[in-house]
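Read through the structure below, which is laid out as structure tokens, and then see the notes.
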Amino acid sequence: MSTTAPRPIHPHTPAARPHPVDRYRVGGARALVTGASRGIGRAVALALADAGADLALAARTTAALESSVAAVEERGRKAFPVAGDLALPGTAAEVVELAAAALGGLDIVVHNAGILPGDGGPVPILAPFQDTRQEHWVQVVSVNLNATAELCRAAHPHLAVSDQASLVVMSSAAGLMGTPLLEAYAATKAAQVSLVRSLAVAWARQGIRVNALCPGWTRTDMTAFAGDTGPLFDWLMSHVPMGRQAEPEEAARAALFLASPASSYVTGHALVVDGGLSVPDGGLAGTPKPASPFAVG
Ligand SMILES: NC(=O)c1ccc[n+]([C@@H]2O[C@H](COP(=O)([O-])OP(=O)(O)OC[C@H]3O[C@@H](n4cnc5c(N)ncnc54)[C@H](OP(=O)(O)O)[C@@H]3O)[C@@H](O)[C@H]2O)c1
């Protein structure tokens with residue numbers, strides 16, 4: 001009998017190395033997605049389901065949530081609807097607790113719910129800041145920022161006991177740039193990135209990765225005001241180097257990267273998915289831009 005101990009297989013030898021694509025799988029993970037009834041959040045939920053997660057899906061509208069639940073179940077995964085209005089203090093924490101109870105814990109949280117000022121109401125969505133009212137600011141801050149803080153705080157104890165914890169906050173390219181006509185929205189999205197960076201540092205040794213995702217113009221109900229054609233749409237797209245808006249699935253694939261072990265060494269990052277919108281071109285791009293339909297400032 002040999003007295004030599006067997007040589008351990010180094011985890012990075014080819015035999016032990018998982019295929020890179022397998023690192024995008026989140027089989028058995030328990031995931032909460034807010035704003036999952038439509039748009040980017042629904043696409044994120046379906047991407048996570050395709051990658052193997054069971055889901056709690058949060059939003060206000062029960063019927064739309066049920067449709068997302070059915071789409072997840074069609075993919076062979078469990079899904080639980082959690083209805084609640086994140087504009088109301090206390091709801092974000094309730095949503096987290098209901099989700100954790102339904103799933104038996106949380107490994108992934110994608111906090112995606114968000115609004116533009118005037119979303120769903122008579123207030124113009126794009127308006128000079130001096131013409132907006134403080135109530136519009138408060139509305140946007142309550143949903144986009146206050147609920148984010150509450151949700152992150154409530155998610156912490158659940159993520160801290162997971163061995164694959166990832167928190168993804170849906171910010172926006174608007175939070176990385178000067179964004180006239182959408183100042184309140186942009187301020188909340190910038191604050192989300194700041195919170196993500198702080199939490200990433202604070203929670204790194206607890207095994208919780210925290211990242212932001214920053215989409216640019218994406219085809220959802222939120223951007224329906226701009227249409228698919230016409231002067232406003234053309235003007236908006238003229239500022240996007242790739243010259244088009246994104247489909248929700250293009251943001252969802254980036255969310256899957258951040259949620260999955262594919263991004264195991266990524267934390268405190270703001271991942272931009274904007275077709276180049278936020279890249280400064282120094283005015284040298286030469287792409288002709290139609291005149292702004294707005295008087296800014
Ligand atoms: N679309 C874009 O161009 C774009 C670009 C950058 C960043 N984003 C960000 O991506 C996220 C999703 O945007 P989207 O375009 O998918 O928007 P969307 O189509 O308008 O969907 C918003 C989602 O959030 C939910 N929601 C809205 N207000 C809520 C509230 N008070 N309480 C609970 N849930 C609420 C909505 O469901 P209910 O109405 O049923 O509650 C819906 O599921 C947002 O954070 C947005 O800021 C979007």
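Residue names in the structure tokens use chain letters A, B, ... in the order shown, residue numbers from 1 in each chain, and ligand numbers from 1 in the order shown.
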Using backbone DSSP assignments, extract all strand (DSSP E) residues from region 72-259 of chain A; output them as a list in words.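 Checking each residue of region 72-259 of chain A, the strand (DSSP E) ones are Ala79, Phe80, Pro81, Val82, Ala83, Ile108, Val109, Val110, His111, Ala165, Ser166, Leu167, Val168, Val169, Met170, Ile208, Arg209, Val210, Asn211, Ala212, Leu213, Cys214 and Pro215 of chain A.
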Using the selection just defined, write its residues with C-alpha atoms as a PDB file, in the first residue's frame.
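Everything below was put into out28.pdb:
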```
ATOM      1  CA  ALA A  79     -43.670  31.284  -8.711  1.00  0.00           C
ATOM      2  CA  PHE A  80     -45.530  33.190  -5.999  1.00  0.00           C
ATOM      3  CA  PRO A  81     -47.245  36.554  -6.533  1.00  0.00           C
ATOM      4  CA  VAL A  82     -46.706  39.239  -3.897  1.00  0.00           C
ATOM      5  CA  ALA A  83     -48.957  42.264  -4.422  1.00  0.00           C
ATOM      6  CA  ILE A 108     -31.270  36.511  -5.269  1.00  0.00           C
ATOM      7  CA  VAL A 109     -33.119  39.813  -5.047  1.00  0.00           C
ATOM      8  CA  VAL A 110     -33.608  41.921  -8.168  1.00  0.00           C
ATOM      9  CA  HIS A 111     -35.208  45.168  -7.074  1.00  0.00           C
ATOM     10  CA  ALA A 165     -26.402  35.873  -2.268  1.00  0.00           C
ATOM     11  CA  SER A 166     -26.754  38.496  -4.973  1.00  0.00           C
ATOM     12  CA  LEU A 167     -28.672  41.761  -4.754  1.00  0.00           C
ATOM     13  CA  VAL A 168     -29.266  43.628  -8.008  1.00  0.00           C
ATOM     14  CA  VAL A 169     -30.832  47.100  -8.058  1.00  0.00           C
ATOM     15  CA  MET A 170     -32.295  48.366 -11.333  1.00  0.00           C
ATOM     16  CA  ILE A 208     -23.513  39.315  -0.296  1.00  0.00           C
ATOM     17  CA  ARG A 209     -22.696  40.778  -3.699  1.00  0.00           C
ATOM     18  CA  VAL A 210     -24.511  44.031  -4.492  1.00  0.00           C
ATOM     19  CA  ASN A 211     -24.626  45.512  -7.987  1.00  0.00           C
ATOM     20  CA  ALA A 212     -26.621  47.997 -10.023  1.00  0.00           C
ATOM     21  CA  LEU A 213     -27.853  47.606 -13.560  1.00  0.00           C
ATOM     22  CA  CYS A 214     -28.174  50.750 -15.653  1.00  0.00           C
ATOM     23  CA  PRO A 215     -30.294  50.303 -18.776  1.00  0.00           C
TER      24      PRO A 215
END
```
List as number ranges by chain the protein and nucleic acid residues near Gly175 (chain A), meaning an atom at most 9 Å away when only C-alpha atoms are counted, but skip any in the same chain fewer than 5 places from it. A: 185-193, 214
Nearby residues (only C-alpha atoms) at most 10 Å from Lys78 (chain A), same-chain spacing under 3 positions excluded, as a PyMOL selection string: chain A and resi 30+49+52-56+69-70+72-75+102-103
Counting only C-alpha atoms and all ligand atoms, the residue of A:Arg205, A:Arg60, A:Arg42, A:Arg244 that sits nearest ligand 1: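 Nearest to ligand 1: A:Arg60.
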Selected residue, from A:His269, A:Arg253, A:His156, A:Arg17, that lies nearest to Val96 (chain A) when counting only C-alpha atoms: A:His156
Sorted by chain and rising residue number, list the residues of chain A at most 8 Å from ligand 1 (counting only C-alpha atoms and all ligand atoms), each with its closest atom pair and distance in Å to one decimal, as a Markdown table.
```
| residue | atom | partner | partner_atom_place_in_ligand_line | distance |
| --- | --- | --- | --- | --- |
| A:Thr34 | CA | ligand 1 | 34 (N) | 6.6 |
| A:Gly35 | CA | ligand 1 | 43 (O) | 3.2 |
| A:Ala36 | CA | ligand 1 | 43 (O) | 4.6 |
| A:Ser37 | CA | ligand 1 | 43 (O) | 4.0 |
| A:Arg38 | CA | ligand 1 | 43 (O) | 4.6 |
| A:Gly39 | CA | ligand 1 | 16 (O) | 3.5 |
| A:Ile40 | CA | ligand 1 | 16 (O) | 3.8 |
| A:Gly41 | CA | ligand 1 | 16 (O) | 5.6 |
| A:Arg42 | CA | ligand 1 | 43 (O) | 7.1 |
| A:Ala58 | CA | ligand 1 | 34 (N) | 6.6 |
| A:Ala59 | CA | ligand 1 | 34 (N) | 3.8 |
| A:Arg60 | CA | ligand 1 | 41 (O) | 3.5 |
| A:Thr61 | CA | ligand 1 | 40 (O) | 3.7 |
| A:Thr62 | CA | ligand 1 | 40 (O) | 7.0 |
| A:Ala64 | CA | ligand 1 | 40 (O) | 6.5 |
| A:Leu65 | CA | ligand 1 | 40 (O) | 7.1 |
| A:Ala83 | CA | ligand 1 | 33 (C) | 7.6 |
| A:Gly84 | CA | ligand 1 | 33 (C) | 5.7 |
| A:Asp85 | CA | ligand 1 | 32 (N) | 3.7 |
| A:Leu86 | CA | ligand 1 | 32 (N) | 3.7 |
| A:Ala87 | CA | ligand 1 | 31 (N) | 4.6 |
| A:Leu88 | CA | ligand 1 | 31 (N) | 7.6 |
| A:His111 | CA | ligand 1 | 45 (O) | 7.7 |
| A:Asn112 | CA | ligand 1 | 45 (O) | 4.7 |
| A:Ala113 | CA | ligand 1 | 24 (O) | 3.6 |
| A:Gly114 | CA | ligand 1 | 45 (O) | 3.5 |
| A:Ile115 | CA | ligand 1 | 27 (C) | 5.6 |
| A:Leu116 | CA | ligand 1 | 47 (O) | 6.8 |
| A:Asp119 | CA | ligand 1 | 20 (O) | 7.7 |
| A:Val143 | CA | ligand 1 | 31 (N) | 5.6 |
| A:Asn144 | CA | ligand 1 | 45 (O) | 6.9 |
| A:Met170 | CA | ligand 1 | 45 (O) | 5.1 |
| A:Ser171 | CA | ligand 1 | 7 (C) | 5.6 |
| A:Ser172 | CA | ligand 1 | 7 (C) | 4.0 |
| A:Ala173 | CA | ligand 1 | 6 (C) | 6.1 |
| A:Ala174 | CA | ligand 1 | 6 (C) | 6.9 |
| A:Tyr185 | CA | ligand 1 | 47 (O) | 7.7 |
| A:Lys189 | CA | ligand 1 | 47 (O) | 7.3 |
| A:Cys214 | CA | ligand 1 | 6 (C) | 6.0 |
| A:Pro215 | CA | ligand 1 | 6 (C) | 4.2 |
| A:Gly216 | CA | ligand 1 | 5 (C) | 4.6 |
| A:Trp217 | CA | ligand 1 | 3 (O) | 3.6 |
| A:Thr218 | CA | ligand 1 | 3 (O) | 3.6 |
| A:Arg219 | CA | ligand 1 | 1 (N) | 5.8 |
| A:Thr220 | CA | ligand 1 | 19 (O) | 4.6 |
| A:Asp221 | CA | ligand 1 | 19 (O) | 4.2 |
| A:Met222 | CA | ligand 1 | 20 (O) | 4.0 |
| A:Thr223 | CA | ligand 1 | 1 (N) | 5.4 |
| A:Gln245 | CA | ligand 1 | 3 (O) | 7.8 |
| A:Ala246 | CA | ligand 1 | 3 (O) | 7.8 |
| A:Pro248 | CA | ligand 1 | 16 (O) | 7.2 |
```
Of A:Ala63, A:Ala184, A:Leu145, A:Leu236, the one nearest to Phe129 (chain A) when counting only C-alpha atoms is A:Ala184
From the DSSP assignment of the backbone, select every residue of region 179-249 of chain A that is alpha helix (DSSP H), and format the answer as an NGL selection string. :A and (183-203 or 231-237 or 248-249)
Find the residues around region 20-28 of chain A up to 8 Å (only C-alpha atoms counted), leave out those fewer than 4 positions away in its own chain, and share them as number ranges by chain. A: 48, 51-54, 256-257, 260-262
Residues from last step as file, C-alpha atoms, as a compact mmCIF listing (two decimals), in the first residue's frame:
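Final output, out.txt:
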```
# COMPACT_ATOMS: atom_id res chain seq x y z
CA LEU A 48 -34.03 33.67 -13.91
CA ALA A 51 -31.77 29.58 -15.55
CA GLY A 52 -33.43 27.45 -12.86
CA ALA A 53 -34.64 29.80 -10.10
CA ASP A 54 -37.91 29.67 -8.21
CA LEU A 256 -28.92 37.22 -14.96
CA PHE A 257 -25.16 37.76 -15.20
CA SER A 260 -25.63 34.28 -11.13
CA PRO A 261 -22.22 32.83 -10.23
CA ALA A 262 -21.03 34.06 -13.65
```
Nearest to Arg77 (chain A) among A:Val95, A:Gln130, A:Ala101, A:Ala45, with distances taken over only C-alpha atoms: which residue is it?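 So, comparing all the options, the nearest one is A:Ala45.
Pairwise distance (CA of Gln164 (chain A), CA of Gly207 (chain A)) equals 7.5 Å.
Compared by their closest atoms to Ala259 (chain A), and using only C-alpha atoms, the residues A:Leu106, A:Met237, A:Ala71, A:Leu195 rank with A:Leu106 nearest.
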Between CA of Pro117 (chain A) and CA of Val140 (chain A) - distance in Å to one decimal: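 Going from CA of Val140 (chain A) over to CA of Pro117 (chain A), I get 5.8 Å.
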Using only C-alpha atoms, find the one residue out of A:Gly268, A:Leu284, A:Ala251, A:Glu97 that sits nearest to Ala43 (chain A).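 Result for the nearest residue to Ala43 (chain A): A:Ala251.
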